[in-house]
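K.L.:
Next comes entry.cif, mmCIF, C-alpha atoms:
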data_start
loop_
_atom_site.group_PDB
_atom_site.id
_atom_site.type_symbol
_atom_site.label_atom_id
_atom_site.label_comp_id
_atom_site.auth_asym_id
_atom_site.auth_seq_id
_atom_site.Cartn_x
_atom_site.Cartn_y
_atom_site.Cartn_z
ATOM 1 C CA MET A 1 -30.609 -6.461 -10.776
ATOM 2 C CA PRO A 2 -31.171 -5.541 -7.126
ATOM 3 C CA ASN A 3 -28.220 -3.899 -5.408
ATOM 4 C CA PHE A 4 -27.143 -1.853 -2.407
ATOM 5 C CA THR A 5 -24.065 0.031 -1.231
ATOM 6 C CA LEU A 6 -22.733 0.575 2.307
ATOM 7 C CA SER A 7 -19.735 2.685 3.346
ATOM 8 C CA SER A 8 -17.892 3.097 6.642
ATOM 9 C CA ALA A 9 -14.898 5.178 7.670
ATOM 10 C CA LEU A 10 -12.309 3.112 9.558
ATOM 11 C CA ASN A 11 -9.265 4.113 11.589
ATOM 12 C CA ILE A 12 -6.826 1.893 9.724
ATOM 13 C CA SER A 13 -4.789 2.628 6.634
ATOM 14 C CA ALA A 14 -5.928 0.997 3.410
ATOM 15 C CA GLN A 15 -2.587 -0.804 3.143
ATOM 16 C CA ALA A 16 -2.792 -2.187 6.705
ATOM 17 C CA PHE A 17 -6.422 -3.221 6.149
ATOM 18 C CA TRP A 18 -5.570 -5.307 3.060
ATOM 19 C CA ALA A 19 -2.531 -6.823 4.785
ATOM 20 C CA GLN A 20 -4.898 -8.412 7.336
ATOM 21 C CA GLN A 21 -7.771 -9.572 5.136
ATOM 22 C CA SER A 22 -8.284 -13.336 4.901
ATOM 23 C CA PHE A 23 -11.114 -15.829 5.212
ATOM 24 C CA GLU A 24 -10.684 -15.523 8.986
ATOM 25 C CA THR A 25 -11.432 -11.790 8.878
ATOM 26 C CA VAL A 26 -14.426 -12.418 6.580
ATOM 27 C CA ASN A 27 -15.833 -14.833 9.148
ATOM 28 C CA HIS A 28 -15.111 -12.358 11.919
ATOM 29 C CA GLU A 29 -17.229 -9.788 10.058
ATOM 30 C CA LEU A 30 -20.061 -12.290 9.598
ATOM 31 C CA GLY A 31 -19.860 -13.800 13.091
ATOM 32 C CA PRO A 32 -21.255 -14.942 15.306
ATOM 33 C CA TRP A 33 -24.474 -15.442 13.323
ATOM 34 C CA ILE A 34 -23.105 -16.590 9.981
ATOM 35 C CA GLN A 35 -19.951 -18.436 8.983
ATOM 36 C CA MET A 36 -18.562 -19.469 5.604
ATOM 37 C CA SER A 37 -16.585 -22.645 5.030
ATOM 38 C CA ALA A 38 -13.431 -22.788 2.912
ATOM 39 C CA PRO A 39 -10.955 -25.487 1.940
ATOM 40 C CA SER A 40 -7.942 -25.488 4.260
ATOM 41 C CA ALA A 41 -5.623 -24.173 1.522
ATOM 42 C CA TRP A 42 -7.758 -21.008 1.276
ATOM 43 C CA ARG A 43 -8.231 -20.316 4.990
ATOM 44 C CA GLU A 44 -4.709 -18.962 5.527
ATOM 45 C CA LEU A 45 -4.352 -17.015 2.273
ATOM 46 C CA ARG A 46 -4.701 -13.265 2.391
ATOM 47 C CA LEU A 47 -7.426 -12.055 0.025
ATOM 48 C CA ARG A 48 -4.809 -10.111 -1.920
ATOM 49 C CA ASP A 49 -3.116 -13.449 -2.721
ATOM 50 C CA TRP A 50 -6.190 -15.213 -4.131
ATOM 51 C CA PRO A 51 -5.697 -16.127 -7.797
ATOM 52 C CA GLY A 52 -7.955 -14.225 -10.164
ATOM 53 C CA GLY A 53 -9.838 -15.026 -13.315
ATOM 54 C CA GLN A 54 -10.812 -18.613 -12.484
ATOM 55 C CA ALA A 55 -13.401 -20.577 -10.530
ATOM 56 C CA LEU A 56 -12.128 -20.807 -6.960
ATOM 57 C CA PHE A 57 -14.083 -23.045 -4.572
ATOM 58 C CA LYS A 58 -17.503 -23.728 -3.063
ATOM 59 C CA SER A 59 -18.455 -22.597 0.411
ATOM 60 C CA TRP A 60 -21.257 -23.479 2.784
ATOM 61 C CA ILE A 61 -23.016 -20.482 4.313
ATOM 62 C CA MET A 62 -23.948 -21.616 7.809
ATOM 63 C CA LEU A 63 -26.293 -20.079 10.343
ATOM 64 C CA LEU A 64 -24.755 -20.180 13.835
ATOM 65 C CA GLY A 65 -21.805 -22.087 12.385
ATOM 66 C CA TRP A 66 -23.617 -25.362 11.786
ATOM 67 C CA VAL A 67 -26.971 -24.964 9.949
ATOM 68 C CA PRO A 68 -26.379 -24.796 6.167
ATOM 69 C CA ILE A 69 -28.517 -22.071 4.587
ATOM 70 C CA ASP A 70 -26.857 -21.664 1.162
ATOM 71 C CA ARG A 71 -24.064 -23.022 -1.017
ATOM 72 C CA HIS A 72 -21.872 -20.308 -2.518
ATOM 73 C CA ALA A 73 -19.696 -20.995 -5.596
ATOM 74 C CA PHE A 74 -16.869 -18.463 -5.945
ATOM 75 C CA GLY A 75 -16.703 -17.941 -9.703
ATOM 76 C CA SER A 76 -13.957 -15.343 -10.055
ATOM 77 C CA PHE A 77 -12.037 -12.920 -7.900
ATOM 78 C CA SER A 78 -9.986 -9.943 -8.983
ATOM 79 C CA PHE A 79 -7.956 -7.914 -6.532
ATOM 80 C CA LYS A 80 -6.452 -4.505 -7.235
ATOM 81 C CA PRO A 81 -3.923 -3.631 -4.508
ATOM 82 C CA ASP A 82 -4.652 0.086 -4.619
ATOM 83 C CA SER A 83 -8.426 -0.149 -4.481
ATOM 84 C CA GLY A 84 -10.101 -3.459 -3.633
ATOM 85 C CA PHE A 85 -11.703 -6.546 -5.065
ATOM 86 C CA VAL A 86 -14.556 -7.775 -7.212
ATOM 87 C CA GLU A 87 -15.978 -11.216 -6.471
ATOM 88 C CA ILE A 88 -18.411 -12.771 -8.940
ATOM 89 C CA SER A 89 -20.230 -15.873 -7.767
ATOM 90 C CA SER A 90 -23.475 -17.787 -7.696
ATOM 91 C CA SER A 91 -25.313 -19.783 -5.068
ATOM 92 C CA TRP A 92 -28.323 -21.970 -4.559
ATOM 93 C CA MET A 93 -30.362 -18.793 -3.883
ATOM 94 C CA ASN A 94 -28.782 -16.473 -6.473
ATOM 95 C CA SER A 95 -27.969 -17.132 -10.099
ATOM 96 C CA ALA A 96 -25.615 -14.142 -9.917
ATOM 97 C CA TRP A 97 -23.802 -12.452 -7.023
ATOM 98 C CA ARG A 98 -21.305 -9.614 -7.328
ATOM 99 C CA HIS A 99 -19.533 -8.219 -4.270
ATOM 100 C CA GLU A 100 -17.265 -5.235 -4.816
ATOM 101 C CA ARG A 101 -15.221 -3.936 -1.894
ATOM 102 C CA PHE A 102 -13.273 -0.727 -2.276
ATOM 103 C CA VAL A 103 -10.979 0.826 0.317
ATOM 104 C CA GLU A 104 -9.923 4.423 -0.248
ATOM 105 C CA PRO A 105 -7.280 6.154 1.870
ATOM 106 C CA THR A 106 -8.497 9.125 3.900
ATOM 107 C CA GLY A 107 -6.630 11.541 6.133
ATOM 108 C CA LYS A 108 -7.441 9.504 9.241
ATOM 109 C CA GLY A 109 -7.603 5.963 7.866
ATOM 110 C CA CYS A 110 -9.764 4.657 5.053
ATOM 111 C CA LEU A 111 -13.277 4.609 3.651
ATOM 112 C CA LEU A 112 -14.518 1.065 3.038
ATOM 113 C CA THR A 113 -17.370 0.622 0.562
ATOM 114 C CA ASP A 114 -19.222 -2.604 -0.183
ATOM 115 C CA ARG A 115 -21.422 -2.755 -3.273
ATOM 116 C CA VAL A 116 -23.520 -5.899 -3.703
ATOM 117 C CA THR A 117 -25.561 -6.824 -6.774
ATOM 118 C CA PHE A 118 -27.554 -10.059 -6.867
ATOM 119 C CA ALA A 119 -30.101 -11.923 -8.973
ATOM 120 C CA PRO A 120 -32.281 -14.378 -7.048
ATOM 121 C CA ARG A 121 -33.052 -17.619 -8.864
ATOM 122 C CA LEU A 122 -36.700 -16.918 -8.052
ATOM 123 C CA PRO A 123 -37.244 -13.217 -8.838
ATOM 124 C CA LEU A 124 -40.042 -12.913 -6.262
ATOM 125 C CA MET A 125 -37.438 -13.668 -3.576
ATOM 126 C CA THR A 126 -35.886 -10.214 -4.087
ATOM 127 C CA LEU A 127 -38.393 -8.733 -1.634
ATOM 128 C CA GLN A 128 -37.301 -11.200 1.049
ATOM 129 C CA LEU A 129 -33.582 -11.415 0.296
ATOM 130 C CA LYS A 130 -32.632 -7.749 -0.070
ATOM 131 C CA PRO A 131 -33.569 -6.834 3.532
ATOM 132 C CA ILE A 132 -31.711 -9.905 4.807
ATOM 133 C CA TYR A 133 -28.584 -9.069 2.811
ATOM 134 C CA LEU A 134 -28.740 -5.450 3.973
ATOM 135 C CA LEU A 135 -28.996 -6.664 7.580
ATOM 136 C CA VAL A 136 -25.979 -8.951 7.095
ATOM 137 C CA TYR A 137 -23.847 -6.212 5.519
ATOM 138 C CA ARG A 138 -24.844 -3.632 8.129
ATOM 139 C CA HIS A 139 -23.748 -6.189 10.733
ATOM 140 C CA ARG A 140 -20.469 -6.664 8.862
ATOM 141 C CA HIS A 141 -19.873 -2.900 8.893
ATOM 142 C CA ARG A 142 -20.642 -2.702 12.627
ATOM 143 C CA ARG A 143 -18.090 -5.463 13.229
ATOM 144 C CA LEU A 144 -15.527 -3.694 11.030
ATOM 145 C CA LYS A 145 -16.104 -0.406 12.842
ATOM 146 C CA ALA A 146 -15.730 -2.102 16.226
ATOM 147 C CA ARG A 147 -12.528 -3.843 15.113
ATOM 148 C CA TYR A 148 -10.973 -0.763 13.531
ATOM 149 C CA ALA A 149 -12.387 1.988 15.775
ATOM 150 C CA ALA A 150 -14.702 3.470 13.178
ATOM 151 C CA GLN A 151 -15.266 7.134 12.564
ATOM 152 C CA SER A 152 -18.881 7.154 11.346
ATOM 153 C CA HIS A 153 -22.090 5.193 10.838
ATOM 154 C CA PRO A 154 -22.644 3.126 7.677
ATOM 155 C CA ARG A 155 -24.427 4.828 4.823
ATOM 156 C CA SER A 156 -26.645 2.767 2.564
ATOM 157 C CA THR A 157 -28.325 3.364 -0.766
#
Take the structure in the file and give it back as structure tokens.

P.N.:
Amino acid sequence: MPNFTLSSALNISAQAFWAQQSFETVNHELGPWIQMSAPSAWRELRLRDWPGGQALFKSWIMLLGWVPIDRHAFGSFSFKPDSGFVEISSSWMNSAWRHERFVEPTGKGCLLTDRVTFAPRLPLMTLQLKPIYLLVYRHRHRRLKARYAAQSHPRST
């Protein structure tokens, strides 16, 4: 399956980073171009408090906050307080989506790594979707670095 990995060094401790993470911070990373919807009960929960091992909810992916471009079904979510999370989902565009986010403590903050693996419903779409997803995640890392006074540029593989 197609995949990519991006990493950025941030000037925030891993513990402080996870204490802040919620659907609001996810949308901050994606904004202003993309927003994700969530049921009200989920909007205030910290990611570390999401229940694991069960289907969670469906979310609209919206361009500019109002044009639906995909429907994302959160299938399962597992959070490990010392390292990060693994989200396994599907969407109208992808039969499988796996987003792993790891945050490792460093001497001056933390190293955040996103690893995304996806399987487009139409395999020929890989050539179109991978560059778009890379663009979105590079944008997310720029927003994270701006928010947490980053130390370096994102690396991708």

K.L.:
What's around Phe79 in chain A at 9 Å? Count all atoms listed in the file, leave out sequence neighbours fewer than 6 positions away in its own chain, and write the answer as a list in words.

P.N.:
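Near neighbours after the sequence-gap exclusion: Leu47, Arg48, Asp49, Trp50, Pro51, Gly52, Phe85, Val86 and Glu87 of chain A.
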
K.L.:
Just so the selection is clear, what residues does the PyMOL selection byres ((chain A and resi 5-16) around 9) cover here, as number ranges by chain?

P.N.:
A: 3-4, 17-20, 81-83, 103-106, 108-117, 134, 137-138, 141-142, 144-145, 147-157

K.L.:
Distance CA of Pro32 in chain A-CA of Arg143 in chain A, one decimal place?

P.N.:
10.2 Å

K.L.:
If the box runs along x, y and z of the file and leaves 3 Å on each side of range 61-80 of chain A, what are its centre and edge lengths in Å, one decimal, as lines of an AutoDock Vina configuration file?

P.N.:
center_x = -17.5
center_y = -14.9
center_z = 1.9
size_x = 28.1
size_y = 26.9
size_z = 29.9

K.L.:
Figure out the distance between CA of Leu45 in chain A and CA of Met93 in chain A, please, to one decimal in Å.

P.N.:
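That distance, rounded to one decimal, is 26.8 Å.
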
K.L.:
Do you know which residues are at most 12 Å from range 53-56 of chain A counting all atoms listed in the file, after dropping those on the same chain fewer than 4 positions away, and could you put them as a ChimeraX atom specification?

P.N.:
/A:38-39,41-42,72-79,85-90
